[in-house]
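The next block is upload.cif, given as mmCIF, C-alpha atoms (C1' of nucleotides) and all ligand atoms.
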```cif
data_model
loop_
_atom_site.label_atom_id
_atom_site.label_comp_id
_atom_site.auth_asym_id
_atom_site.auth_seq_id
_atom_site.Cartn_x
_atom_site.Cartn_y
_atom_site.Cartn_z
CA MET A 1 116.03 93.35 58.34
CA GLN A 2 117.96 94.80 61.20
CA GLU A 3 116.54 97.29 63.58
CA ILE A 4 118.17 100.70 63.51
CA PHE A 5 118.87 102.78 66.57
CA ALA A 6 120.64 106.06 66.88
CA GLN A 7 123.36 106.16 64.32
CA LYS A 8 125.13 109.33 65.35
CA LYS A 9 128.38 109.04 67.21
CA LYS A 10 128.18 109.03 70.95
CA SER A 11 128.95 112.07 73.05
CA PRO A 12 132.37 111.61 74.61
CA TYR A 13 131.32 113.11 77.91
CA ILE A 14 131.47 110.78 80.87
CA ALA A 15 130.14 111.79 84.22
CA ASP A 16 132.00 110.66 87.29
CA LYS A 17 129.60 111.38 90.09
CA VAL A 18 125.95 111.10 89.48
CA LEU A 19 123.45 110.00 91.99
CA ARG A 20 124.29 107.65 94.77
CA ASN A 21 127.22 107.93 97.08
CA PRO A 22 129.58 105.02 96.70
CA LYS A 23 129.36 103.97 100.32
CA ASN A 24 125.63 103.49 100.42
CA ASN A 25 124.82 100.71 98.00
CA ILE A 26 122.46 98.39 99.78
CA VAL A 27 118.99 98.27 98.39
CA MET A 28 116.63 96.91 100.91
CA VAL A 29 113.42 95.10 100.46
CA LEU A 30 112.59 95.50 104.10
CA SER A 31 113.24 98.56 106.24
CA LYS A 32 115.81 98.30 108.98
CA ALA A 33 113.04 98.59 111.49
CA CYS A 34 111.41 95.53 109.97
CA ILE A 35 114.64 93.58 109.84
CA TYR A 36 115.28 94.38 113.48
CA GLY A 37 111.75 93.37 114.34
CA ILE A 38 112.16 90.02 112.62
CA GLN A 39 115.51 89.37 114.24
CA ALA A 40 114.20 90.29 117.65
CA ALA A 41 111.08 88.21 117.23
CA ILE A 42 113.14 85.18 116.28
CA TYR A 43 115.39 85.82 119.23
CA VAL A 44 112.49 86.00 121.65
CA ALA A 45 110.99 82.88 120.12
CA SER A 46 114.27 81.03 120.41
CA VAL A 47 114.87 81.81 124.06
CA LYS A 48 114.09 78.70 126.01
CA ASP A 49 113.14 80.32 129.29
CA VAL A 50 109.54 81.25 129.65
CA GLY A 51 108.92 84.83 130.66
CA TYR A 52 109.76 88.29 129.54
CA VAL A 53 112.96 89.11 127.74
CA SER A 54 114.24 92.63 128.29
CA ILE A 55 114.75 94.79 125.24
CA GLN A 56 118.14 95.68 126.64
CA GLU A 57 119.19 92.05 126.39
CA ILE A 58 117.86 91.71 122.87
CA SER A 59 119.53 94.88 121.68
CA GLU A 60 122.85 93.76 123.12
CA LYS A 61 122.68 90.25 121.77
CA LEU A 62 121.62 91.37 118.32
CA ASN A 63 123.72 94.52 118.25
CA ILE A 64 120.76 96.78 117.60
CA SER A 65 120.24 100.30 118.90
CA PHE A 66 118.27 99.96 122.11
CA HIS A 67 116.03 102.98 121.64
CA PHE A 68 115.28 102.20 118.04
CA LEU A 69 114.52 98.59 118.85
CA THR A 70 112.23 99.69 121.64
CA LYS A 71 110.12 101.61 119.17
CA VAL A 72 110.07 98.74 116.73
CA LEU A 73 109.00 96.27 119.38
CA GLN A 74 106.29 98.66 120.48
CA GLN A 75 104.80 98.21 117.05
CA LEU A 76 104.86 94.46 117.44
CA THR A 77 103.27 94.86 120.85
CA GLN A 78 100.51 97.04 119.45
CA ALA A 79 99.98 94.54 116.67
CA GLY A 80 99.34 91.83 119.24
CA ILE A 81 102.43 89.87 118.34
CA LEU A 82 104.28 90.63 121.54
CA ASN A 83 103.21 91.32 125.07
CA SER A 84 105.24 93.87 126.96
CA TYR A 85 105.63 94.40 130.62
CA ARG A 86 107.34 97.19 132.54
CA GLY A 87 109.40 97.10 135.64
CA PRO A 88 111.99 94.68 136.97
CA LYS A 89 111.78 91.29 135.26
CA GLY A 90 109.79 93.04 132.59
CA GLY A 91 110.39 93.03 128.87
CA VAL A 92 108.66 91.49 125.92
CA ALA A 93 107.32 88.02 125.22
CA LEU A 94 105.46 86.38 122.40
CA ALA A 95 101.74 87.00 122.68
CA LYS A 96 100.96 83.81 120.79
CA GLN A 97 102.59 80.48 120.22
CA SER A 98 105.53 80.86 117.91
CA GLU A 99 104.01 78.58 115.28
CA HIS A 100 101.06 80.91 115.05
CA ILE A 101 103.17 83.95 114.19
CA SER A 102 104.29 84.13 110.61
CA LEU A 103 106.97 86.20 108.99
CA TYR A 104 104.09 87.90 107.24
CA ASN A 105 102.59 88.96 110.54
CA VAL A 106 105.79 90.60 111.66
CA ILE A 107 106.44 92.33 108.35
CA ALA A 108 102.85 93.51 108.12
CA ALA A 109 103.04 94.99 111.61
CA ILE A 110 106.15 97.03 110.85
CA ASP A 111 106.44 97.73 107.15
CA GLY A 112 102.81 97.19 106.32
CA THR A 113 101.29 94.96 103.66
CA ASP A 114 101.97 97.13 100.64
CA ILE A 115 104.95 95.06 99.71
CA PHE A 116 102.61 92.12 99.24
CA THR A 117 99.80 93.90 97.51
CA GLU A 118 100.98 97.11 95.92
CA CYS A 119 102.83 97.58 92.70
CA MET A 120 106.58 97.41 92.88
CA LEU A 121 106.83 99.91 90.07
CA GLY A 122 105.07 102.50 92.17
CA LEU A 123 102.04 103.04 89.98
CA PRO A 124 98.74 103.40 91.77
CA GLY A 125 95.46 101.69 91.06
CA CYS A 126 96.92 98.93 88.97
CA GLY A 127 95.94 95.57 87.64
CA ILE A 128 92.35 96.59 87.42
CA ALA A 129 91.64 97.89 83.95
CA THR A 130 95.00 98.80 82.48
CA PRO A 131 97.78 96.68 83.85
CA CYS A 132 101.24 97.90 82.96
CA PRO A 133 103.50 95.59 80.96
CA ALA A 134 105.43 94.37 83.96
CA HIS A 135 102.34 93.33 85.83
CA ASP A 136 102.45 89.59 85.31
CA SER A 137 106.05 89.27 86.43
CA TRP A 138 105.58 91.39 89.50
CA ALA A 139 102.34 89.70 90.41
CA GLU A 140 104.14 86.37 90.30
CA MET A 141 106.86 87.76 92.54
CA ARG A 142 104.41 89.17 95.01
CA SER A 143 102.57 85.90 95.15
CA LYS A 144 105.77 84.04 95.84
CA LEU A 145 106.78 86.47 98.54
CA PHE A 146 103.35 86.23 100.09
CA THR A 147 103.44 82.45 100.17
CA ILE A 148 106.90 82.25 101.65
CA CYS A 149 106.25 84.82 104.33
CA HIS A 150 102.93 83.25 105.22
CA ARG A 151 104.11 79.71 105.61
CA THR A 152 107.29 80.62 107.49
CA THR A 153 106.57 80.90 111.18
CA LEU A 154 108.62 82.17 114.05
CA ARG A 155 108.77 78.61 115.30
CA ASP A 156 110.39 77.43 112.08
CA LEU A 157 112.94 80.17 112.32
CA ALA A 158 113.58 79.85 116.03
CA GLU A 159 113.92 76.09 115.72
CA LYS A 160 116.56 76.43 113.09
CA ALA A 161 118.26 79.10 115.12
CA ASN A 162 118.48 76.83 118.13
CA GLN A 163 119.25 73.70 116.17
CA TYR A 164 122.19 75.02 114.25
CA ASN A 165 123.21 77.65 116.77
CA VAL A 166 122.89 80.00 113.88
CA ARG A 167 123.66 83.63 114.02
CA LEU A 168 121.01 86.29 114.01
CA ALA A 169 123.07 89.26 114.95
CA ASN A 170 124.79 91.66 112.67
CA LEU A 171 128.08 91.12 114.38
CA PRO A 172 131.51 90.92 112.84
CA LEU A 173 132.22 87.35 111.80
CA THR A 174 134.60 85.52 114.06
CA VAL A 175 136.75 84.18 111.29
CA MET B 1 101.43 69.79 127.28
CA GLN B 2 100.79 73.35 126.48
CA GLU B 3 103.52 75.86 126.08
CA ILE B 4 103.52 78.69 128.56
CA PHE B 5 104.30 82.29 127.73
CA ALA B 6 104.15 85.30 129.92
CA GLN B 7 101.31 84.83 132.33
CA LYS B 8 101.23 88.24 133.94
CA LYS B 9 98.53 90.61 132.95
CA LYS B 10 99.34 92.92 130.10
CA SER B 11 100.23 96.55 130.65
CA PRO B 12 97.22 98.64 129.74
CA TYR B 13 99.28 101.39 128.16
CA ILE B 14 98.75 101.94 124.47
CA ALA B 15 100.99 104.25 122.52
CA ASP B 16 99.41 106.37 119.85
CA LYS B 17 102.34 107.60 117.84
CA VAL B 18 105.37 105.45 117.50
CA LEU B 19 107.55 105.26 114.48
CA ARG B 20 106.29 106.01 111.05
CA ASN B 21 104.21 108.91 110.00
CA PRO B 22 100.82 107.80 108.78
CA LYS B 23 101.27 109.36 105.36
CA ASN B 24 104.34 107.42 104.47
CA ASN B 25 103.38 103.80 104.22
CA ILE B 26 104.73 102.51 100.95
CA VAL B 27 107.60 100.10 101.31
CA MET B 28 109.50 99.87 98.13
CA VAL B 29 111.52 97.05 96.75
CA LEU B 30 113.06 99.31 94.17
CA SER B 31 114.15 102.90 94.69
CA LYS B 32 112.24 105.64 92.94
CA ALA B 33 115.26 106.26 90.78
CA CYS B 34 115.11 102.65 89.65
CA ILE B 35 111.41 102.74 89.02
CA TYR B 36 111.78 105.88 86.94
CA GLY B 37 114.63 104.28 85.04
CA ILE B 38 112.55 101.23 84.22
CA GLN B 39 109.58 103.28 83.15
CA ALA B 40 111.71 105.53 80.98
CA ALA B 41 113.53 102.58 79.43
CA ILE B 42 110.25 100.94 78.52
CA TYR B 43 109.02 104.21 77.10
CA VAL B 44 112.11 104.65 74.95
CA ALA B 45 111.85 101.06 73.80
CA SER B 46 108.19 101.47 72.94
CA VAL B 47 108.64 104.59 70.82
CA LYS B 48 108.34 103.50 67.23
CA ASP B 49 110.45 106.26 65.65
CA VAL B 50 114.12 105.60 65.39
CA GLY B 51 116.34 108.24 66.87
CA TYR B 52 116.86 110.04 70.12
CA VAL B 53 114.06 110.76 72.50
CA SER B 54 114.50 113.87 74.61
CA ILE B 55 114.45 113.48 78.35
CA GLN B 56 112.06 116.39 78.44
CA GLU B 57 109.53 114.39 76.46
CA ILE B 58 109.98 111.34 78.65
CA SER B 59 109.64 113.30 81.85
CA GLU B 60 106.44 114.93 80.61
CA LYS B 61 104.86 111.76 79.31
CA LEU B 62 105.71 109.79 82.42
CA ASN B 63 105.19 112.64 84.86
CA ILE B 64 108.66 112.39 86.33
CA SER B 65 110.82 115.25 87.54
CA PHE B 66 112.98 116.25 84.57
CA HIS B 67 116.20 116.91 86.46
CA PHE B 68 115.91 113.82 88.56
CA LEU B 69 115.18 111.69 85.55
CA THR B 70 118.17 113.18 83.79
CA LYS B 71 120.47 111.88 86.49
CA VAL B 72 118.86 108.49 86.46
CA LEU B 73 119.21 108.18 82.72
CA GLN B 74 122.82 109.22 82.98
CA GLN B 75 123.35 106.10 84.99
CA LEU B 76 121.78 104.00 82.28
CA THR B 77 123.95 105.76 79.73
CA GLN B 78 127.09 105.07 81.72
CA ALA B 79 126.02 101.47 82.08
CA GLY B 80 125.86 101.12 78.32
CA ILE B 81 122.13 100.64 78.24
CA LEU B 82 121.36 103.99 76.65
CA ASN B 83 123.20 106.27 74.28
CA SER B 84 122.81 109.96 74.87
CA TYR B 85 123.33 112.86 72.57
CA ARG B 86 123.31 116.59 73.27
CA GLY B 87 121.98 119.41 71.27
CA PRO B 88 118.86 119.85 69.14
CA LYS B 89 117.33 116.53 68.16
CA GLY B 90 119.39 115.02 70.93
CA GLY B 91 118.20 112.88 73.78
CA VAL B 92 118.58 109.24 74.70
CA ALA B 93 118.18 106.03 72.74
CA LEU B 94 118.65 102.36 73.47
CA ALA B 95 122.26 101.33 73.03
CA LYS B 96 121.26 97.75 72.24
CA GLN B 97 118.29 96.00 70.78
CA SER B 98 115.45 96.00 73.22
CA GLU B 99 115.36 92.20 73.46
CA HIS B 100 118.94 92.28 74.67
CA ILE B 101 118.22 94.55 77.60
CA SER B 102 116.68 92.83 80.58
CA LEU B 103 114.92 94.23 83.58
CA TYR B 104 117.89 92.93 85.49
CA ASN B 105 120.24 95.10 83.48
CA VAL B 106 118.29 98.23 84.26
CA ILE B 107 117.89 97.45 87.94
CA ALA B 108 121.55 96.51 88.26
CA ALA B 109 122.59 99.79 86.67
CA ILE B 110 120.59 101.91 89.07
CA ASP B 111 119.99 100.09 92.32
CA GLY B 112 122.85 97.65 91.97
CA THR B 113 122.78 93.89 92.26
CA ASP B 114 122.59 93.61 96.02
CA ILE B 115 118.89 92.96 95.87
CA PHE B 116 119.64 89.79 93.91
CA THR B 117 122.61 88.61 95.89
CA GLU B 118 122.64 90.12 99.33
CA CYS B 119 120.68 89.09 102.34
CA MET B 120 117.29 90.67 102.72
CA LEU B 121 117.66 90.53 106.47
CA GLY B 122 120.66 92.82 106.31
CA LEU B 123 123.24 90.46 107.70
CA PRO B 124 126.64 90.45 106.02
CA GLY B 125 128.74 87.50 104.90
CA CYS B 126 125.89 85.03 104.90
CA GLY B 127 125.11 81.62 103.61
CA ILE B 128 128.71 80.59 103.81
CA ALA B 129 129.30 78.87 107.10
CA THR B 130 126.48 79.93 109.35
CA PRO B 131 123.30 80.64 107.47
CA CYS B 132 120.63 82.36 109.49
CA PRO B 133 117.32 80.56 109.94
CA ALA B 134 115.54 82.54 107.25
CA HIS B 135 118.12 81.74 104.63
CA ASP B 136 116.30 79.12 102.63
CA SER B 137 113.18 81.19 102.22
CA TRP B 138 115.02 84.29 101.20
CA ALA B 139 117.32 82.43 98.87
CA GLU B 140 114.27 81.04 97.12
CA MET B 141 112.86 84.52 96.81
CA ARG B 142 116.05 85.97 95.45
CA SER B 143 116.31 83.19 92.93
CA LYS B 144 112.78 83.86 91.75
CA LEU B 145 113.40 87.56 91.50
CA PHE B 146 116.60 86.95 89.60
CA THR B 147 114.91 84.67 87.10
CA ILE B 148 112.02 86.98 86.46
CA CYS B 149 114.16 90.05 86.03
CA HIS B 150 116.58 88.22 83.77
CA ARG B 151 114.06 86.75 81.40
CA THR B 152 111.97 89.89 81.13
CA THR B 153 113.39 92.15 78.44
CA LEU B 154 112.59 95.69 77.48
CA ARG B 155 111.16 94.31 74.27
CA ASP B 156 108.67 92.17 76.16
CA LEU B 157 107.63 95.14 78.20
CA ALA B 158 107.56 97.60 75.34
CA GLU B 159 105.59 95.19 73.19
CA LYS B 160 102.95 94.82 75.81
CA ALA B 161 102.95 98.55 76.34
CA ASN B 162 102.26 99.18 72.66
CA GLN B 163 99.91 96.28 72.24
CA TYR B 164 97.55 97.14 75.03
CA ASN B 165 98.21 100.85 75.01
CA VAL B 166 99.02 100.31 78.60
CA ARG B 167 99.89 103.05 80.97
CA LEU B 168 103.38 103.56 82.26
CA ALA B 169 102.97 106.93 83.84
CA ASN B 170 102.04 107.69 87.37
CA LEU B 171 99.15 109.85 86.29
CA PRO B 172 95.75 110.18 87.87
CA LEU B 173 93.42 107.54 86.50
CA THR B 174 90.92 108.81 83.98
CA VAL B 175 87.97 107.04 85.52
"C1'" DA C 1 106.56 103.86 151.33
"C1'" DA C 2 110.96 104.28 148.72
"C1'" DG C 3 113.99 103.00 145.33
"C1'" DA C 4 115.29 100.36 141.31
"C1'" DT C 5 114.08 98.60 136.86
"C1'" DT C 6 112.06 98.59 132.42
"C1'" DT C 7 108.85 99.96 128.72
"C1'" DA C 8 106.36 104.26 126.66
"C1'" DA C 9 106.56 108.70 124.82
"C1'" DC C 10 108.68 112.44 123.02
"C1'" DC C 11 112.37 115.53 121.31
"C1'" DC C 12 116.18 116.10 118.61
"C1'" DT C 13 120.33 114.88 115.40
"C1'" DA C 14 122.63 112.63 111.35
"C1'" DC C 15 122.32 110.60 107.05
"C1'" DT C 16 119.98 109.08 102.71
"C1'" DT C 17 116.85 109.75 99.07
"C1'" DT C 18 114.23 112.60 96.27
"C1'" DG C 19 113.47 116.76 94.00
"C1'" DT C 20 114.77 121.70 92.27
"C1'" DC C 21 117.65 124.90 90.16
"C1'" DT C 22 121.69 126.93 87.91
"C1'" DT C 23 125.61 126.69 85.04
"C1'" DA C 24 128.61 124.27 81.67
"C1'" DA C 25 129.44 121.57 77.56
"C1'" DA C 26 128.09 119.54 73.22
"C1'" DT C 27 125.57 119.83 69.09
"C1'" DT C 28 122.45 121.47 65.54
"C1'" DA C 29 120.27 125.08 62.84
"C1'" DT C 30 120.47 129.57 60.95
"C1'" DA D 1 129.90 132.78 63.87
"C1'" DT D 2 125.60 133.03 66.56
"C1'" DA D 3 121.74 131.37 68.70
"C1'" DA D 4 118.94 127.67 70.19
"C1'" DT D 5 118.56 123.09 72.13
"C1'" DT D 6 119.61 119.39 75.04
"C1'" DT D 7 122.44 116.48 78.14
"C1'" DA D 8 126.08 116.79 82.10
"C1'" DA D 9 127.40 118.39 86.42
"C1'" DG D 10 127.01 120.19 90.68
"C1'" DA D 11 124.92 122.95 94.47
"C1'" DC D 12 121.18 122.95 97.30
"C1'" DA D 13 116.50 122.12 99.57
"C1'" DA D 14 112.84 119.01 101.25
"C1'" DA D 15 111.40 114.81 103.03
"C1'" DG D 16 112.09 110.27 104.97
"C1'" DT D 17 114.86 106.79 107.79
"C1'" DA D 18 117.86 105.50 111.41
"C1'" DG D 19 119.46 106.44 115.66
"C1'" DG D 20 120.29 108.73 120.40
"C1'" DG D 21 118.83 110.77 124.64
"C1'" DT D 22 115.52 112.39 128.40
"C1'" DT D 23 111.43 112.16 130.97
"C1'" DA D 24 107.15 109.71 132.32
"C1'" DA D 25 104.61 105.68 133.71
"C1'" DA D 26 104.28 101.05 135.33
"C1'" DT D 27 105.92 97.48 138.20
"C1'" DC D 28 108.80 94.83 141.24
"C1'" DT D 29 111.87 94.58 145.40
"C1'" DT D 30 113.05 95.93 149.77
S1 LIG E 201 99.92 96.85 86.32
FE1 LIG E 201 101.01 95.70 87.88
S2 LIG E 201 103.20 96.05 87.53
FE2 LIG E 201 102.05 97.59 86.35
S3 LIG E 201 102.00 99.40 87.65
FE3 LIG E 201 100.15 98.19 88.06
S4 LIG E 201 100.58 96.77 89.76
FE4 LIG E 201 102.51 97.62 88.92
S1 LIG E 202 121.88 83.22 106.06
FE1 LIG E 202 120.68 83.97 104.32
S2 LIG E 202 118.82 84.90 105.22
FE2 LIG E 202 120.31 84.64 106.85
S3 LIG E 202 121.34 86.58 107.07
FE3 LIG E 202 122.54 85.30 105.65
S4 LIG E 202 121.83 85.68 103.55
FE4 LIG E 202 120.36 86.50 105.05
#
```
Please rewrite the model in this file as structure tokens.
Amino acid sequence: MQEIFAQKKKSPYIADKVLRNPKNNIVMVLSKACIYGIQAAIYVASVKDVGYVSIQEISEKLNISFHFLTKVLQQLTQAGILNSYRGPKGGVALAKQSEHISLYNVIAAIDGTDIFTECMLGLPGCGIATPCPAHDSWAEMRSKLFTICHRTTLRDLAEKANQYNVRLANLPLTV
Amino acid sequence: MQEIFAQKKKSPYIADKVLRNPKNNIVMVLSKACIYGIQAAIYVASVKDVGYVSIQEISEKLNISFHFLTKVLQQLTQAGILNSYRGPKGGVALAKQSEHISLYNVIAAIDGTDIFTECMLGLPGCGIATPCPAHDSWAEMRSKLFTICHRTTLRDLAEKANQYNVRLANLPLTV
DNA sequence: AAGATTTAACCCTACTTTGTCTTAAATTAT
DNA sequence: ATAATTTAAGACAAAGTAGGGTTAAATCTT
């Protein structure tokens, strides 16, 4: 027996402009602030010279707004991931060895840990007594994300960056 | 031999208010529009009666803004996931059998497919010639997300919803 | 001590997303 | 036909995110 849906004929009306503007179509898992933070952290970790790297240099190399990046890196500083120092020859530097800073640490410092623990469907207080039907799938996803971000360290990323001279910046490709 | 970082003493200055407001701390993988769309789609799929379900009913049951939900569901209608019908006894209904509509379909219709294909670090044109150091990890994540969203159908979700009388709405918990 | 440099803090602007409301169009019921 | 119902469309407001500048504080150089 076949399931029956709505049998009436469909309304001919077609909308042409509904919700999103056509230009903006990127759905982000991480905020821009977080992305910048990760990029900058990898950059700092990949710089060979010991010492402080100025935010100006980072923002130029990675093509990130200086003032915005400054605020983002302040968060990493407050989280104990970076040390900052003012004045000439100042800047930021890793507060710990790069292999002791995970992607998770950086994300947690900027976007928080909700992405790892909270429901991606936006329902509060879940998984306790009345899990919603999507729970298992999302829980699996979260677990995967958690594992990946935990085991990936800045050293891993910086190493690869140096090794392959890989690009971190959001610059136009030099085709 | 131990690696050396910045050896100078740390600036004692601690900022108290930097970027985000304390109230806003939920980082979302999916937009609210998308979450609403998923919830509504599951609701429609879980309704036993054949026929159109009014958006008014959905918005009340799921505690979602009626007008906003209307726009979201228009997107699903235009994507061929729902049929809509105006007038008394009108509303929306699944355009296909619930087991033929995946979570992926719904997400793609509302938030687009970038989350499955594009870089989560926000860099364009990736993975081709010069993958960034985080590529492998993210690619693994994307693949996982893709698989889960593809194999999870509205029927799976609606079945669970009916079976366990599980909550879909963002309502205060009746503790 | 004075000046230059660099992060910290704060204010403000532009854009996106979310949410509200009003009117128009389609459809049913009377 | 008329009225009621319900989606479609579009204008608009509120809130959040990204970004830009200006001043203050810390620190080094001279
Ligand atoms: S049960 Fe799981 S998937 Fe469902 S709303 Fe709660 S956390 Fe989200
Ligand atoms: S190489 Fe992969 S992780 Fe890196 S920017 Fe490109 S898509 Fe993203």
How far is it from atom CA of B:Gly90 to atom C1' of C:DT18, in Å with one decimal? 26.0 Å
Each chain D residue no farther than 8 Å from chain A, nearest pair in Å, only C-alpha atoms (C1' of nucleotides), as a Markdown table:
```
| residue | atom | partner | partner_atom | distance |
| --- | --- | --- | --- | --- |
| D:DA8 | C1' | A:Ala15 | CA | 6.8 |
| D:DA9 | C1' | A:Ala15 | CA | 7.5 |
| D:DA18 | C1' | A:Phe68 | CA | 7.8 |
| D:DG19 | C1' | A:Phe68 | CA | 6.4 |
| D:DG20 | C1' | A:His67 | CA | 7.3 |
| D:DA26 | C1' | A:Arg86 | CA | 5.7 |
| D:DT27 | C1' | A:Gly87 | CA | 4.3 |
| D:DC28 | C1' | A:Pro88 | CA | 5.3 |
```
Given all atoms listed in the file as the basis, pick out the residue of B:Val72, B:Ile115, B:Cys149, B:Ala95 nearest to chain C.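 Using all atoms listed in the file, the shortest distance to chain C belongs to B:Val72.
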Point (116.3, 91.5, 83.2) neighbourhood (9 Å, all atoms listed in the file) written as a ChimeraX atom specification: /B:100-108,146-154
Interatomic distance, atom CA of A:Glu159 to atom CA of A:Ala93 (Å, one decimal):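 Separating atom CA of A:Glu159 from atom CA of A:Ala93 is a distance of 16.6 Å.
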Show me, as a tab-separated table (two decimals) with C-alpha atoms (C1' of nucleotides), in the frame of the given file, the residues of chain C whose atoms get within 8 Å of chain A, using all atoms listed in the file for the distance check.
```tsv
chain	number	residue	atom	x	y	z
C	4	DA	C1'	115.29	100.36	141.31
C	5	DT	C1'	114.08	98.60	136.86
C	6	DT	C1'	112.06	98.59	132.42
C	7	DT	C1'	108.85	99.96	128.72
C	26	DA	C1'	128.09	119.54	73.22
```
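The space separating atom CA of A:Ala134 from atom CA of B:Glu118 comes to 23.5 Å.
Residue nearest chain A, chosen from B:Leu76, B:Ile58, B:Ile35, B:Leu82 and counting all atoms listed in the file: B:Ile35.
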Identify, on the basis of all atoms listed in the file, every residue whose closest approach to stretch 11-17 of chain D does not exceed 8 Å; exclude the query and any residue fewer than 3 positions from it along the same chain; express the result as a count of residues only. 5
Residue among A:Lys160, A:His135, A:Lys61, A:Arg142 lying closest to chain B, counting only C-alpha atoms: A:Lys160
Restricting the calculation to only C-alpha atoms, which member of A:Ala45, A:Ala40, A:Ala79, A:Val50 is positioned closest to chain B? A:Val50
Proximity to chain B - best of A:Ile81, A:Leu157, A:Val53, A:Cys119, only C-alpha atoms: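 Selected residue with least distance to chain B: A:Leu157.
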Draw an axis-aligned box over all listed atoms of stretch 5-17 of chain C, pad each side with 4 Å, and write its centre and edge lengths in Å, one decimal, as AutoDock Vina command-line options.
```
--center_x 114.5 --center_y 107.3 --center_z 118.0 --size_x 24.3 --size_y 25.5 --size_z 45.8
```
Choose the residue, out of A:Leu73, A:Ala161, A:Cys34, A:Ile42, that has the smallest atom-to-atom separation from chain B; count all atoms listed in the file.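 Smallest separation from chain B among the options: A:Ala161.
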